[in-house]
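First the structure, in the form of structure tokens, and then the observations on it.
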Amino acid sequence: MDWLAPVSAVIGGGIAVASGWTVERSRWKREEVRQERDRRTTLYADYLAAVLSAREQIWHASRWRELPRAERIAMARNSLRDFQVYPMRDRVLLVGPPRLGELSYEIVRRLTAYRDAMIEEVNDGEAELQTAWDAFNEARDALTIAMRIDLDSLRI
């Protein structure tokens, strides 16, 4: 009996199945990495938007002299809560690498320092408030760079 044809068919079928599985596995892996990158991009952008919106609210509170002092202080104090900065930071801590977690804590610390300088009724042009503003911007730049590095690590 001629066994060569059936054995060749079985071997050829096995090769076809293995190569098909390999192709599908690599396609699935690329899609998974792309989805994770998209999720992180959205999260990081939302977090930066929340932090920057809170900073803008603090800035407006420092400039809006027509409002009574108590309202300006309340506006500044509520800024981080109004824009969900703390919950967004916790999401970044869960998803991002440890370095991103450290930087997300640092930016919130510097944002609260800016808010506290404003609440102490330091005029907008004074050195303490400007120093807090600059420190916040440095933390924002460092966080943005770390986010880009993390997202670049997920490129296919």
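Identifiers for the structure tokens are assigned positionally: chains receive A, B, ... in sequence, residues are indexed from 1 per chain, and ligands are indexed from 1 in the order shown.
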May I have the residues within 12 Å of Arg89 in chain A as a ChimeraX atom specification, using only C-alpha atoms and disregarding those fewer than 4 positions away in the same chain?
-> /A:43-51,80-81,83-85,93-96,100-109,143
Extract, using only C-alpha atoms, all DNA, RNA and protein residues at most 12 Å from Arg69 in chain A, discarding same-chain residues fewer than 5 positions from it, and format them as a list in words.
-> Ala61, Ser62, Arg63, Trp64, Ala74, Met75, Ala76, Met118, Ile119, Glu120 and Glu121 of chain A
Choose the residue, out of A:Glu66, A:Asp116, A:Asp150, A:Asp141, that has the smallest atom-to-atom separation from Arg99 in chain A; count only C-alpha atoms.
->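 For Arg99 in chain A, the nearest of the candidates is A:Asp150.
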Which is closest to Trp133 in chain A among A:Leu151, A:Ala113, A:Ala146, A:Ala54, if we use only C-alpha atoms?
-> A:Ala113
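Compared by their closest atoms to Ile73 in chain A, and using only C-alpha atoms, the residues A:Arg115, A:Arg30, A:Arg25, A:Arg140 rank with A:Arg115 nearest.
Counting only C-alpha atoms and comparing A:Ser8, A:Arg77, A:Val17, A:Met88, the residue that lies closest to Trp59 in chain A is A:Arg77.
Going from CA of Asn78 in chain A to CA of Ser53 in chain A covers 11.7 Å.
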